>>> print(open('start_17.cif').read())   # mmCIF, C-alpha atoms and all ligand atoms
data_upload
#
loop_
_atom_site.label_atom_id
_atom_site.label_comp_id
_atom_site.auth_asym_id
_atom_site.auth_seq_id
_atom_site.Cartn_x
_atom_site.Cartn_y
_atom_site.Cartn_z
CA MET A 1 -68.32 7.09 -74.69
CA SER A 2 -66.27 9.16 -77.15
CA THR A 3 -65.94 8.05 -80.77
CA CYS A 4 -62.66 6.57 -81.87
CA ILE A 5 -61.78 6.79 -85.58
CA ASN A 6 -59.79 4.18 -87.49
CA PRO A 7 -56.97 5.64 -89.66
CA SER A 8 -58.23 3.64 -92.67
CA LEU A 9 -61.50 5.60 -92.49
CA ILE A 10 -59.50 8.83 -92.54
CA ARG A 11 -57.75 7.62 -95.70
CA GLN A 12 -61.05 6.60 -97.28
CA TYR A 13 -62.75 9.88 -96.39
CA LEU A 14 -59.99 11.81 -98.15
CA TYR A 15 -60.40 9.53 -101.16
CA CYS A 16 -64.17 10.04 -101.13
CA PRO A 17 -66.52 10.80 -98.19
CA ALA A 18 -69.20 8.51 -99.66
CA ALA A 19 -66.75 5.57 -99.70
CA ALA A 20 -65.96 6.20 -96.02
CA TYR A 21 -69.69 6.15 -95.33
CA TYR A 22 -70.15 2.74 -97.01
CA ILE A 23 -67.25 1.26 -95.03
CA ALA A 24 -68.46 2.74 -91.74
CA THR A 25 -71.89 1.23 -92.36
CA GLY A 26 -70.57 -2.29 -93.00
CA LEU A 27 -70.28 -2.35 -96.81
CA ALA A 28 -66.47 -2.48 -97.02
CA GLU A 29 -64.82 -4.00 -100.08
CA PRO A 30 -63.64 -7.55 -99.21
CA PRO A 31 -59.84 -8.17 -99.16
CA THR A 32 -58.40 -8.81 -102.61
CA GLU A 33 -56.40 -11.91 -103.53
CA ARG A 34 -53.27 -9.72 -103.65
CA MET A 35 -53.91 -8.59 -100.05
CA ARG A 36 -54.48 -12.15 -98.87
CA ARG A 37 -51.23 -13.32 -100.47
CA GLY A 38 -49.40 -10.28 -99.11
CA LYS A 39 -50.46 -10.97 -95.53
CA GLU A 40 -48.70 -14.33 -95.66
CA ILE A 41 -45.28 -12.79 -96.32
CA GLN A 42 -45.87 -9.58 -94.35
CA ARG A 43 -44.10 -10.55 -91.12
CA GLU A 44 -40.91 -11.52 -92.93
CA ALA A 45 -40.89 -8.29 -94.95
CA ILE A 46 -41.43 -6.16 -91.83
CA GLU A 47 -38.51 -7.86 -90.06
CA ALA A 48 -36.28 -7.12 -93.09
CA ILE A 49 -37.34 -3.45 -93.14
CA ALA A 50 -36.71 -3.14 -89.39
CA LYS A 51 -33.21 -4.53 -89.88
CA ALA A 52 -32.49 -2.17 -92.79
CA LEU A 53 -33.66 0.81 -90.72
CA GLN A 54 -31.63 -0.40 -87.71
CA ALA A 55 -34.69 -0.62 -85.46
CA GLU A 56 -33.98 -1.79 -81.91
CA LYS A 57 -37.32 -3.55 -81.64
CA VAL A 58 -40.40 -4.44 -83.74
CA GLU A 59 -43.96 -4.85 -82.52
CA HIS A 60 -46.25 -6.68 -84.93
CA SER A 61 -49.88 -5.56 -85.18
CA PRO A 62 -50.08 -3.42 -82.01
CA ARG A 63 -53.28 -1.52 -81.24
CA LEU A 64 -52.70 2.23 -81.04
CA GLU A 65 -55.09 4.69 -79.45
CA GLY A 66 -55.15 8.39 -78.73
CA TRP A 67 -56.24 11.79 -80.12
CA GLY A 68 -59.64 10.20 -80.86
CA ILE A 69 -57.94 7.76 -83.25
CA CYS A 70 -57.59 4.02 -82.76
CA GLY A 71 -56.63 1.00 -84.81
CA VAL A 72 -54.25 -1.89 -85.30
CA VAL A 73 -51.24 -0.93 -87.41
CA ASP A 74 -49.13 -3.50 -89.26
CA ALA A 75 -46.09 -2.79 -87.07
CA VAL A 76 -44.35 -0.27 -84.86
CA LEU A 77 -40.60 0.02 -85.28
CA TRP A 78 -38.63 1.39 -82.35
CA ILE A 79 -35.78 3.52 -83.68
CA ARG A 80 -33.50 5.44 -81.28
CA GLY A 81 -36.06 4.98 -78.51
CA ARG A 82 -39.02 6.36 -80.49
CA PRO A 83 -42.00 4.58 -82.06
CA ALA A 84 -42.53 4.76 -85.82
CA PRO A 85 -45.65 3.04 -87.19
CA LEU A 86 -45.30 1.03 -90.39
CA GLU A 87 -48.28 0.56 -92.71
CA VAL A 88 -48.12 -2.07 -95.46
CA LYS A 89 -49.85 -1.42 -98.79
CA TYR A 90 -50.23 -4.25 -101.29
CA THR A 91 -49.87 -2.02 -104.33
CA THR A 92 -47.17 -0.54 -106.49
CA PRO A 93 -46.03 2.87 -105.21
CA PRO A 94 -47.60 5.83 -107.02
CA PRO A 95 -45.00 8.37 -108.30
CA LYS A 96 -45.94 10.73 -105.44
CA THR A 97 -47.29 9.41 -102.14
CA PRO A 98 -51.04 10.23 -102.21
CA LEU A 99 -52.32 12.54 -99.48
CA PRO A 100 -54.83 9.93 -98.17
CA HIS A 101 -51.93 7.47 -97.65
CA LYS A 102 -49.90 10.16 -95.85
CA ALA A 103 -52.85 11.07 -93.64
CA GLN A 104 -53.44 7.44 -92.67
CA ALA A 105 -49.76 7.00 -91.71
CA ALA A 106 -49.78 10.31 -89.82
CA ALA A 107 -52.92 9.23 -87.92
CA TYR A 108 -51.07 6.13 -86.73
CA ALA A 109 -48.09 8.30 -85.68
CA LEU A 110 -50.40 10.52 -83.60
CA ALA A 111 -52.02 7.48 -81.98
CA ALA A 112 -48.56 5.99 -81.34
CA GLN A 113 -47.49 9.15 -79.48
CA ALA A 114 -50.49 8.85 -77.20
CA THR A 115 -50.17 5.09 -76.72
CA TYR A 116 -46.49 5.06 -75.77
CA ARG A 117 -46.21 8.65 -74.46
CA LYS A 118 -43.18 9.15 -76.69
CA ALA A 119 -42.78 11.58 -79.56
CA ALA A 120 -43.37 9.92 -82.93
CA THR A 121 -41.96 12.21 -85.59
CA HIS A 122 -42.77 10.08 -88.61
CA ALA A 123 -44.31 6.88 -89.95
CA TYR A 124 -43.43 4.52 -92.80
CA ILE A 125 -45.43 3.15 -95.70
CA TYR A 126 -44.20 -0.07 -97.30
CA TYR A 127 -45.43 -0.59 -100.87
CA ALA A 128 -45.12 -4.36 -101.02
CA GLU A 129 -45.47 -4.84 -104.81
CA ALA A 130 -42.24 -2.91 -105.42
CA GLY A 131 -40.59 -3.48 -102.03
CA GLU A 132 -40.35 0.28 -101.49
CA VAL A 133 -40.45 2.05 -98.12
CA ARG A 134 -41.44 5.72 -97.91
CA THR A 135 -41.22 8.03 -94.91
CA VAL A 136 -44.10 10.32 -93.92
CA GLN A 137 -43.13 13.19 -91.60
CA LEU A 138 -45.73 14.15 -89.00
CA THR A 139 -45.96 17.85 -89.92
CA GLN A 140 -48.33 20.37 -88.36
CA ASP A 141 -50.32 20.57 -91.59
CA LEU A 142 -50.74 16.80 -91.72
CA THR A 143 -51.73 16.70 -88.03
CA HIS A 144 -54.35 19.37 -88.68
CA LEU A 145 -55.70 17.49 -91.71
CA VAL A 146 -55.91 14.21 -89.76
CA LEU A 147 -57.82 15.77 -86.86
CA GLN A 148 -60.15 17.71 -89.14
CA THR A 149 -60.90 14.57 -91.20
CA ALA A 150 -61.40 12.47 -88.07
CA ALA A 151 -64.04 15.01 -86.97
CA GLN A 152 -65.84 14.58 -90.31
CA VAL A 153 -65.73 10.77 -90.01
CA ALA A 154 -67.12 11.08 -86.46
CA LYS A 155 -70.10 12.90 -87.96
CA ILE A 156 -70.70 9.92 -90.28
CA LEU A 157 -70.59 7.53 -87.31
CA LYS A 158 -73.20 9.70 -85.62
CA GLY A 159 -75.57 9.45 -88.58
CA TRP A 160 -74.50 12.03 -91.16
CA THR A 161 -74.68 10.73 -94.75
CA PRO A 162 -72.33 12.49 -97.17
CA HIS A 163 -73.72 12.93 -100.65
CA PRO A 164 -71.87 11.03 -103.40
CA GLN A 165 -70.16 13.50 -105.73
CA PRO A 166 -69.43 12.12 -109.20
CA THR A 167 -65.75 12.53 -110.12
CA PRO A 168 -63.42 10.77 -112.58
CA LYS A 169 -62.47 8.46 -109.66
CA CYS A 170 -65.96 6.90 -109.77
CA GLN A 171 -65.11 5.00 -112.95
CA GLY A 172 -62.83 2.48 -111.23
CA CYS A 173 -64.46 2.62 -107.81
CA TRP A 174 -65.70 -0.58 -106.18
CA TYR A 175 -68.50 1.37 -104.42
CA LYS A 176 -69.96 2.59 -107.69
CA LYS A 177 -72.79 0.06 -107.38
CA TYR A 178 -74.03 1.85 -104.26
CA CYS A 179 -73.64 5.36 -105.66
CA GLY A 180 -75.28 4.65 -108.98
CA HIS A 181 -72.58 6.49 -110.89
CA THR A 182 -72.49 4.01 -113.72
CA GLN A 183 -71.76 5.93 -116.84
CA THR A 184 -74.20 5.40 -119.64
CA GLN A 185 -72.45 4.19 -122.74
CA VAL A 186 -73.89 5.30 -126.02
CA ASP A 187 -72.67 3.45 -129.07
CA THR A 188 -72.05 5.68 -132.05
CA ILE A 189 -72.84 4.22 -135.42
S1 LIG A 201 -68.49 5.88 -106.97
FE1 LIG A 201 -67.62 7.94 -106.80
S2 LIG A 201 -68.88 9.01 -105.27
FE2 LIG A 201 -69.26 6.79 -105.08
S3 LIG A 201 -67.86 6.10 -103.48
FE3 LIG A 201 -66.85 5.79 -105.45
S4 LIG A 201 -65.64 7.66 -105.79
FE4 LIG A 201 -67.15 8.10 -104.20
#
>>> encode(input="start_17.cif", output="structure tokens", more="lines below")
Ligand code: SF4
Amino acid sequence: MSTCINPSLIRQYLYCPAAAYYIATGLAEPPTERMRRGKEIQREAIEAIAKALQAEKVEHSPRLEGWGICGVVDAVLWIRGRPAPLEVKYTTPPPKTPLPHKAQAAAYALAAQATYRKAATHAYIYYAEAGEVRTVQLTQDLTHLVLQTAAQVAKILKGWTPHPQPTPKCQGCWYKKYCGHTQTQVDTI
């Protein structure tokens, strides 16, 4: 059976390969309170976005599969006869959409093309804390990045263990306890 990669693992791998490894091996960070609260109002927010974007139809939580990628996306909006996945993030929008977020959305767009056999040219990310919707175009570069990253994640699922690489990101990382990148603090007198 061929391996099927979840878009959230593609996002995590681009954030840090070691974090993707922990999630793939069952050590994922539990949902935060903000995420739990967000889920309760998600359906309503998606319906409002669909209306604003003049979508003909909304599918909530469909499973998408294709290109070796599979997963349940928050919604698919049908706009002018084409599917556009919508991913909800329970955070404030960063000034520039981070590449891992774009890659995750693009992975859903690729899987949507295969699922519905219709061209999906873009996906949406909804940053719930600010009520902001951003569009991610499915470019050739992004498609290449998604497929290349999915191949790396597949290696993890087959037993490869990426080495944790200390970076400034480690400081606020929930997986720090597994990596052992706790910075030693020396008090100066
Ligand atoms: S602590 Fe650093 S190396 Fe470890 S998972 Fe987090 S970001 Fe990656």
>>> residues_near_ligand(input="start_17.cif", ligand="ligand LIG 201 (chain A)", cutoff="9 Å", atoms="all atoms listed in the file", output="VMD selection string")
chain A and resid 15 to 22 163 to 182
>>> write_last_selection(input="start_17.cif", atoms="C-alpha atoms", output="PDB file, in the frame of the given file")
ATOM      1  CA  TYR A  15     -60.400   9.530-101.160  1.00  0.00           C
ATOM      2  CA  CYS A  16     -64.170  10.040-101.130  1.00  0.00           C
ATOM      3  CA  PRO A  17     -66.520  10.800 -98.190  1.00  0.00           C
ATOM      4  CA  ALA A  18     -69.200   8.510 -99.660  1.00  0.00           C
ATOM      5  CA  ALA A  19     -66.750   5.570 -99.700  1.00  0.00           C
ATOM      6  CA  ALA A  20     -65.960   6.200 -96.020  1.00  0.00           C
ATOM      7  CA  TYR A  21     -69.690   6.150 -95.330  1.00  0.00           C
ATOM      8  CA  TYR A  22     -70.150   2.740 -97.010  1.00  0.00           C
ATOM      9  CA  HIS A 163     -73.720  12.930-100.650  1.00  0.00           C
ATOM     10  CA  PRO A 164     -71.870  11.030-103.400  1.00  0.00           C
ATOM     11  CA  GLN A 165     -70.160  13.500-105.730  1.00  0.00           C
ATOM     12  CA  PRO A 166     -69.430  12.120-109.200  1.00  0.00           C
ATOM     13  CA  THR A 167     -65.750  12.530-110.120  1.00  0.00           C
ATOM     14  CA  PRO A 168     -63.420  10.770-112.580  1.00  0.00           C
ATOM     15  CA  LYS A 169     -62.470   8.460-109.660  1.00  0.00           C
ATOM     16  CA  CYS A 170     -65.960   6.900-109.770  1.00  0.00           C
ATOM     17  CA  GLN A 171     -65.110   5.000-112.950  1.00  0.00           C
ATOM     18  CA  GLY A 172     -62.830   2.480-111.230  1.00  0.00           C
ATOM     19  CA  CYS A 173     -64.460   2.620-107.810  1.00  0.00           C
ATOM     20  CA  TRP A 174     -65.700  -0.580-106.180  1.00  0.00           C
ATOM     21  CA  TYR A 175     -68.500   1.370-104.420  1.00  0.00           C
ATOM     22  CA  LYS A 176     -69.960   2.590-107.690  1.00  0.00           C
ATOM     23  CA  LYS A 177     -72.790   0.060-107.380  1.00  0.00           C
ATOM     24  CA  TYR A 178     -74.030   1.850-104.260  1.00  0.00           C
ATOM     25  CA  CYS A 179     -73.640   5.360-105.660  1.00  0.00           C
ATOM     26  CA  GLY A 180     -75.280   4.650-108.980  1.00  0.00           C
ATOM     27  CA  HIS A 181     -72.580   6.490-110.890  1.00  0.00           C
ATOM     28  CA  THR A 182     -72.490   4.010-113.720  1.00  0.00           C
TER      29      THR A 182
END
>>> atom_distance(input="start_17.cif", atom1="atom CA of Gly131 of chain A", atom2="atom CA of Ala109 of chain A")
21.5 Å
>>> atom_distance(input="start_17.cif", atom1="atom CA of Gln148 of chain A", atom2="atom CA of Lys102 of chain A")
14.4 Å
>>> atom_distance(input="start_17.cif", atom1="atom CA of Thr143 of chain A", atom2="atom CA of Tyr108 of chain A")
10.7 Å
>>> closest_residue(input="start_17.cif", among="A:Pro85, A:Pro94, A:Pro7, A:Gly159", to="Glu59 of chain A", atoms="all atoms listed in the file")
A:Pro85
>>> residues_near_point(input="start_17.cif", point="(-48.3, -10.4, -101.2)", cutoff="8 Å", atoms="only C-alpha atoms", output="short mmCIF file (atom, residue, chain, number, x, y, z; two decimals) with C-alpha atoms, in the frame of the given file")
data_model
loop_
_atom_site.label_atom_id
_atom_site.label_comp_id
_atom_site.auth_asym_id
_atom_site.auth_seq_id
_atom_site.Cartn_x
_atom_site.Cartn_y
_atom_site.Cartn_z
CA ARG A 34 -53.27 -9.72 -103.65
CA MET A 35 -53.91 -8.59 -100.05
CA ARG A 36 -54.48 -12.15 -98.87
CA ARG A 37 -51.23 -13.32 -100.47
CA GLY A 38 -49.40 -10.28 -99.11
CA LYS A 39 -50.46 -10.97 -95.53
CA GLU A 40 -48.70 -14.33 -95.66
CA ILE A 41 -45.28 -12.79 -96.32
CA GLN A 42 -45.87 -9.58 -94.35
CA TYR A 90 -50.23 -4.25 -101.29
CA ALA A 128 -45.12 -4.36 -101.02
CA GLU A 129 -45.47 -4.84 -104.81
#
>>> closest_residue(input="start_17.cif", among="A:Glu29, A:Glu132, A:Glu47, A:Asp141", to="Leu77 of chain A", atoms="all atoms listed in the file")
A:Glu47
>>> residues_around(input="start_17.cif", residues="Val146 of chain A", least_positions_apart="6", cutoff="10 Å", atoms="all atoms listed in the file", output="ChimeraX atom specification")
/A:7,10-11,14,67,69,100,102-108,110,140,152
>>> closest_residue(input="start_17.cif", among="A:Pro162, A:Thr121, A:Ala111, A:Ala130", to="Thr92 of chain A", atoms="only C-alpha atoms")
A:Ala130
>>> closest_residue(input="start_17.cif", among="A:Cys4, A:Val133, A:Ala123, A:Leu147", to="Ala48 of chain A", atoms="only C-alpha atoms")
A:Val133
>>> closest_residue(input="start_17.cif", among="A:Leu157, A:Leu86, A:Leu9, A:Ala24", to="Tyr124 of chain A", atoms="all atoms listed in the file")
A:Leu86
>>> residues_around(input="start_17.cif", residues="segment 82-84 of chain A", least_positions_apart="3", cutoff="7 Å", atoms="all atoms listed in the file", output="PyMOL selection string")
chain A and resi 76-79+109+112+118-120+122-123
>>> axis_aligned_box(input="start_17.cif", around="segment 156-164 of chain A", padding_each_side="6 Å", output="lines of an AutoDock Vina configuration file")
center_x = -73.1
center_y = 10.2
center_z = -94.5
size_x = 17.0
size_y = 17.4
size_z = 29.8
